Amino acid sequence: MQCYGISERHACSALGVHRSSVRRVPQRKSDEEALTQDILRLAQQYGRYGYRRITALLKVEGWHVNHKRVERIWGEQSLKVPKKQPKRKRLYLNDGFCIRLRPLYPNHVWSYNFVSDQLSCGKKIRVLTVIDECTRECLTIRVNYQLKSDDVLDVLSTLFLTKGTPAYIRSDNGSEFRAHTLRKWLKDLQVKTAYI
């Protein structure tokens, strides 16, 4: 068979397809459209079900259908089960009370943490960042070769004088944030800590 002056063998070889796939004309069953509509209806009704469960539901409704056929239609219609959303982790206060702490207004919850980086000469630096979680404003950035709990205390005291004290301050359990003097100072100022 010749098409545009090129033999079937050469055309299939150039496209990288088998010659038998070109000759075979796919046969559609007469109930294909009705089955597709039922699959779409069930997929919309049961959003978390995959094609195997949909096949079982079709059989309950009276369809004599193979799961391979349902899988083919499932793919043609670009259906897929949405990814399961991971559960959000809870945050804990010092008193052990479990809450999901969300910022409600500016100065309600601040977050602070260390970020490490490296200079072009290879020397490592540490960066202390403090943000207001409600406004997403970066309140301060302190950069130095070493930052310890005294530096955290210095940064926070400056911020508390200029911006006011937050209701909560969130951090990880790093030794700089769990230092006794820092926790006592925050407690005296009535700033609650929310460790991740």
# chains A, B, ... in the order shown; residues from 1 in each chain; ligands from 1
>>> select_by_dssp(residues="segment 21-142 of chain A", states="alpha helix (DSSP H)", output="PyMOL selection string")
chain A and resi 21-23+32-45+51-60+67-76
>>> residues_around(residues="segment 151-162 of chain A", least_positions_apart="5", cutoff="9 Å", atoms="only C-alpha atoms", output="mmCIF file with N, CA and C atoms, in the first residue's frame")
data_model
loop_
_atom_site.group_PDB
_atom_site.id
_atom_site.type_symbol
_atom_site.label_atom_id
_atom_site.label_comp_id
_atom_site.auth_asym_id
_atom_site.auth_seq_id
_atom_site.Cartn_x
_atom_site.Cartn_y
_atom_site.Cartn_z
ATOM 1 N N LEU A 128 19.414 34.608 60.828
ATOM 2 C CA LEU A 128 18.225 34.522 61.679
ATOM 3 C C LEU A 128 17.139 35.377 61.037
ATOM 4 N N VAL A 130 13.001 36.583 61.114
ATOM 5 C CA VAL A 130 11.777 36.696 61.912
ATOM 6 C C VAL A 130 10.688 37.256 61.014
ATOM 7 N N LEU A 139 10.248 40.753 59.467
ATOM 8 C CA LEU A 139 10.492 41.800 60.462
ATOM 9 C C LEU A 139 11.971 42.124 60.596
ATOM 10 N N THR A 140 12.818 41.113 60.503
ATOM 11 C CA THR A 140 14.257 41.351 60.576
ATOM 12 C C THR A 140 15.022 40.159 60.028
ATOM 13 N N ILE A 141 16.250 40.448 59.614
ATOM 14 C CA ILE A 141 17.190 39.410 59.200
ATOM 15 C C ILE A 141 18.527 39.747 59.838
ATOM 16 N N ARG A 142 19.078 38.825 60.621
ATOM 17 C CA ARG A 142 20.395 39.023 61.245
ATOM 18 C C ARG A 142 21.352 38.003 60.653
ATOM 19 N N GLU A 176 19.069 27.080 70.497
ATOM 20 C CA GLU A 176 19.068 28.535 70.650
ATOM 21 C C GLU A 176 17.695 29.046 71.075
ATOM 22 N N PHE A 177 16.631 28.334 70.660
ATOM 23 C CA PHE A 177 15.270 28.772 70.965
ATOM 24 C C PHE A 177 14.741 28.174 72.270
ATOM 25 N N THR A 181 17.320 31.128 79.569
ATOM 26 C CA THR A 181 17.178 32.588 79.727
ATOM 27 C C THR A 181 16.154 33.149 78.736
ATOM 28 N N LEU A 182 16.169 32.641 77.501
ATOM 29 C CA LEU A 182 15.227 33.117 76.488
ATOM 30 C C LEU A 182 13.795 32.748 76.854
ATOM 31 N N TRP A 185 12.645 34.878 79.773
ATOM 32 C CA TRP A 185 12.422 36.259 79.338
ATOM 33 C C TRP A 185 11.087 36.382 78.594
#
>>> atom_distance(atom1="atom CA of Val143 of chain A", atom2="atom CA of Tyr168 of chain A")
23.6 Å
>>> select_by_dssp(residues="segment 25-119 of chain A", states="strand (DSSP E)", output="JSON, numbers by chain")
{"A": [91, 92, 93, 98, 99, 109, 110, 111, 112, 113, 114, 115, 116, 117, 118]}
>>> atom_distance(atom1="atom CA of His67 of chain A", atom2="atom CA of Arg19 of chain A")
27.9 Å
>>> decode(residues="segment 117-148 of chain A", atoms="N, CA, C and O atoms", output="PDB file, in the first residue's frame")
ATOM      1  N   ASP A 117      23.940  29.344  55.019  1.00  0.00           N
ATOM      2  CA  ASP A 117      24.391  29.569  53.650  1.00  0.00           C
ATOM      3  C   ASP A 117      25.918  29.569  53.661  1.00  0.00           C
ATOM      4  O   ASP A 117      26.542  29.464  54.715  1.00  0.00           O
ATOM      5  N   GLN A 118      26.484  29.718  52.480  1.00  0.00           N
ATOM      6  CA  GLN A 118      27.934  29.666  52.352  1.00  0.00           C
ATOM      7  C   GLN A 118      28.394  30.788  51.437  1.00  0.00           C
ATOM      8  O   GLN A 118      27.795  31.036  50.391  1.00  0.00           O
ATOM      9  N   LEU A 119      29.458  31.455  51.831  1.00  0.00           N
ATOM     10  CA  LEU A 119      30.031  32.516  51.010  1.00  0.00           C
ATOM     11  C   LEU A 119      30.825  31.902  49.863  1.00  0.00           C
ATOM     12  O   LEU A 119      31.112  30.708  49.853  1.00  0.00           O
ATOM     13  N   SER A 120      31.214  32.732  48.887  1.00  0.00           N
ATOM     14  CA  SER A 120      31.972  32.232  47.733  1.00  0.00           C
ATOM     15  C   SER A 120      33.336  31.684  48.150  1.00  0.00           C
ATOM     16  O   SER A 120      33.889  30.815  47.501  1.00  0.00           O
ATOM     17  N   CYS A 121      33.863  32.176  49.278  1.00  0.00           N
ATOM     18  CA  CYS A 121      35.160  31.682  49.758  1.00  0.00           C
ATOM     19  C   CYS A 121      35.019  30.358  50.513  1.00  0.00           C
ATOM     20  O   CYS A 121      36.020  29.750  50.882  1.00  0.00           O
ATOM     21  N   GLY A 122      33.787  29.920  50.746  1.00  0.00           N
ATOM     22  CA  GLY A 122      33.560  28.637  51.415  1.00  0.00           C
ATOM     23  C   GLY A 122      33.202  28.769  52.883  1.00  0.00           C
ATOM     24  O   GLY A 122      32.867  27.779  53.525  1.00  0.00           O
ATOM     25  N   LYS A 123      33.265  29.982  53.432  1.00  0.00           N
ATOM     26  CA  LYS A 123      32.956  30.171  54.847  1.00  0.00           C
ATOM     27  C   LYS A 123      31.451  30.147  55.056  1.00  0.00           C
ATOM     28  O   LYS A 123      30.705  30.760  54.298  1.00  0.00           O
ATOM     29  N   LYS A 124      31.010  29.433  56.090  1.00  0.00           N
ATOM     30  CA  LYS A 124      29.577  29.298  56.359  1.00  0.00           C
ATOM     31  C   LYS A 124      29.067  30.482  57.173  1.00  0.00           C
ATOM     32  O   LYS A 124      29.765  31.004  58.036  1.00  0.00           O
ATOM     33  N   ILE A 125      27.828  30.889  56.853  1.00  0.00           N
ATOM     34  CA  ILE A 125      27.173  31.960  57.612  1.00  0.00           C
ATOM     35  C   ILE A 125      25.815  31.454  58.084  1.00  0.00           C
ATOM     36  O   ILE A 125      25.251  30.520  57.517  1.00  0.00           O
ATOM     37  N   ARG A 126      25.311  32.082  59.136  1.00  0.00           N
ATOM     38  CA  ARG A 126      23.982  31.762  59.639  1.00  0.00           C
ATOM     39  C   ARG A 126      23.124  33.013  59.547  1.00  0.00           C
ATOM     40  O   ARG A 126      23.594  34.125  59.774  1.00  0.00           O
ATOM     41  N   VAL A 127      21.850  32.799  59.218  1.00  0.00           N
ATOM     42  CA  VAL A 127      20.919  33.905  59.058  1.00  0.00           C
ATOM     43  C   VAL A 127      19.727  33.644  59.964  1.00  0.00           C
ATOM     44  O   VAL A 127      19.111  32.586  59.904  1.00  0.00           O
ATOM     45  N   LEU A 128      19.414  34.608  60.828  1.00  0.00           N
ATOM     46  CA  LEU A 128      18.225  34.522  61.679  1.00  0.00           C
ATOM     47  C   LEU A 128      17.139  35.377  61.037  1.00  0.00           C
ATOM     48  O   LEU A 128      17.332  36.574  60.823  1.00  0.00           O
ATOM     49  N   THR A 129      16.010  34.767  60.717  1.00  0.00           N
ATOM     50  CA  THR A 129      14.896  35.495  60.105  1.00  0.00           C
ATOM     51  C   THR A 129      13.701  35.475  61.045  1.00  0.00           C
ATOM     52  O   THR A 129      13.422  34.463  61.688  1.00  0.00           O
ATOM     53  N   VAL A 130      13.001  36.583  61.114  1.00  0.00           N
ATOM     54  CA  VAL A 130      11.777  36.696  61.912  1.00  0.00           C
ATOM     55  C   VAL A 130      10.688  37.256  61.014  1.00  0.00           C
ATOM     56  O   VAL A 130      10.889  38.293  60.378  1.00  0.00           O
ATOM     57  N   ILE A 131       9.536  36.563  60.952  1.00  0.00           N
ATOM     58  CA  ILE A 131       8.421  37.045  60.129  1.00  0.00           C
ATOM     59  C   ILE A 131       7.140  37.099  60.945  1.00  0.00           C
ATOM     60  O   ILE A 131       6.975  36.367  61.919  1.00  0.00           O
ATOM     61  N   ASP A 132       6.250  37.985  60.529  1.00  0.00           N
ATOM     62  CA  ASP A 132       4.893  38.046  61.067  1.00  0.00           C
ATOM     63  C   ASP A 132       4.038  37.149  60.174  1.00  0.00           C
ATOM     64  O   ASP A 132       3.920  37.398  58.975  1.00  0.00           O
ATOM     65  N   GLU A 133       3.458  36.095  60.740  1.00  0.00           N
ATOM     66  CA  GLU A 133       2.735  35.113  59.924  1.00  0.00           C
ATOM     67  C   GLU A 133       1.455  35.667  59.316  1.00  0.00           C
ATOM     68  O   GLU A 133       1.002  35.187  58.286  1.00  0.00           O
ATOM     69  N   CYS A 134       0.858  36.664  59.923  1.00  0.00           N
ATOM     70  CA  CYS A 134      -0.392  37.209  59.390  1.00  0.00           C
ATOM     71  C   CYS A 134      -0.126  38.064  58.157  1.00  0.00           C
ATOM     72  O   CYS A 134      -0.750  37.879  57.121  1.00  0.00           O
ATOM     73  N   THR A 135       0.801  38.982  58.257  1.00  0.00           N
ATOM     74  CA  THR A 135       1.086  39.896  57.148  1.00  0.00           C
ATOM     75  C   THR A 135       2.163  39.350  56.206  1.00  0.00           C
ATOM     76  O   THR A 135       2.367  39.917  55.136  1.00  0.00           O
ATOM     77  N   ARG A 136       2.858  38.265  56.622  1.00  0.00           N
ATOM     78  CA  ARG A 136       3.973  37.676  55.880  1.00  0.00           C
ATOM     79  C   ARG A 136       5.124  38.675  55.712  1.00  0.00           C
ATOM     80  O   ARG A 136       5.932  38.574  54.797  1.00  0.00           O
ATOM     81  N   GLU A 137       5.185  39.670  56.585  1.00  0.00           N
ATOM     82  CA  GLU A 137       6.244  40.674  56.548  1.00  0.00           C
ATOM     83  C   GLU A 137       7.485  40.121  57.241  1.00  0.00           C
ATOM     84  O   GLU A 137       7.394  39.552  58.327  1.00  0.00           O
ATOM     85  N   CYS A 138       8.629  40.280  56.594  1.00  0.00           N
ATOM     86  CA  CYS A 138       9.892  39.907  57.228  1.00  0.00           C
ATOM     87  C   CYS A 138      10.277  41.037  58.177  1.00  0.00           C
ATOM     88  O   CYS A 138      10.549  42.156  57.748  1.00  0.00           O
ATOM     89  N   LEU A 139      10.248  40.753  59.467  1.00  0.00           N
ATOM     90  CA  LEU A 139      10.492  41.800  60.462  1.00  0.00           C
ATOM     91  C   LEU A 139      11.971  42.124  60.596  1.00  0.00           C
ATOM     92  O   LEU A 139      12.334  43.276  60.796  1.00  0.00           O
ATOM     93  N   THR A 140      12.818  41.113  60.503  1.00  0.00           N
ATOM     94  CA  THR A 140      14.257  41.351  60.576  1.00  0.00           C
ATOM     95  C   THR A 140      15.022  40.159  60.028  1.00  0.00           C
ATOM     96  O   THR A 140      14.511  39.047  59.991  1.00  0.00           O
ATOM     97  N   ILE A 141      16.250  40.448  59.614  1.00  0.00           N
ATOM     98  CA  ILE A 141      17.190  39.410  59.200  1.00  0.00           C
ATOM     99  C   ILE A 141      18.527  39.747  59.838  1.00  0.00           C
ATOM    100  O   ILE A 141      19.048  40.850  59.653  1.00  0.00           O
ATOM    101  N   ARG A 142      19.078  38.825  60.621  1.00  0.00           N
ATOM    102  CA  ARG A 142      20.395  39.023  61.245  1.00  0.00           C
ATOM    103  C   ARG A 142      21.352  38.003  60.653  1.00  0.00           C
ATOM    104  O   ARG A 142      21.066  36.808  60.674  1.00  0.00           O
ATOM    105  N   VAL A 143      22.480  38.471  60.123  1.00  0.00           N
ATOM    106  CA  VAL A 143      23.465  37.592  59.487  1.00  0.00           C
ATOM    107  C   VAL A 143      24.778  37.680  60.259  1.00  0.00           C
ATOM    108  O   VAL A 143      25.225  38.768  60.610  1.00  0.00           O
ATOM    109  N   ASN A 144      25.369  36.510  60.526  1.00  0.00           N
ATOM    110  CA  ASN A 144      26.668  36.471  61.201  1.00  0.00           C
ATOM    111  C   ASN A 144      27.279  35.097  60.976  1.00  0.00           C
ATOM    112  O   ASN A 144      26.609  34.190  60.490  1.00  0.00           O
ATOM    113  N   TYR A 145      28.550  34.961  61.328  1.00  0.00           N
ATOM    114  CA  TYR A 145      29.190  33.654  61.198  1.00  0.00           C
ATOM    115  C   TYR A 145      28.647  32.690  62.243  1.00  0.00           C
ATOM    116  O   TYR A 145      28.514  31.505  61.990  1.00  0.00           O
ATOM    117  N   GLN A 146      28.354  33.193  63.428  1.00  0.00           N
ATOM    118  CA  GLN A 146      27.761  32.374  64.492  1.00  0.00           C
ATOM    119  C   GLN A 146      26.649  33.172  65.141  1.00  0.00           C
ATOM    120  O   GLN A 146      26.799  34.361  65.401  1.00  0.00           O
ATOM    121  N   LEU A 147      25.538  32.502  65.400  1.00  0.00           N
ATOM    122  CA  LEU A 147      24.430  33.134  66.119  1.00  0.00           C
ATOM    123  C   LEU A 147      24.015  32.210  67.248  1.00  0.00           C
ATOM    124  O   LEU A 147      23.742  31.033  67.021  1.00  0.00           O
ATOM    125  N   LYS A 148      23.947  32.762  68.448  1.00  0.00           N
ATOM    126  CA  LYS A 148      23.606  31.948  69.611  1.00  0.00           C
ATOM    127  C   LYS A 148      22.363  32.515  70.277  1.00  0.00           C
ATOM    128  O   LYS A 148      21.744  33.457  69.789  1.00  0.00           O
TER     129      LYS A 148
END
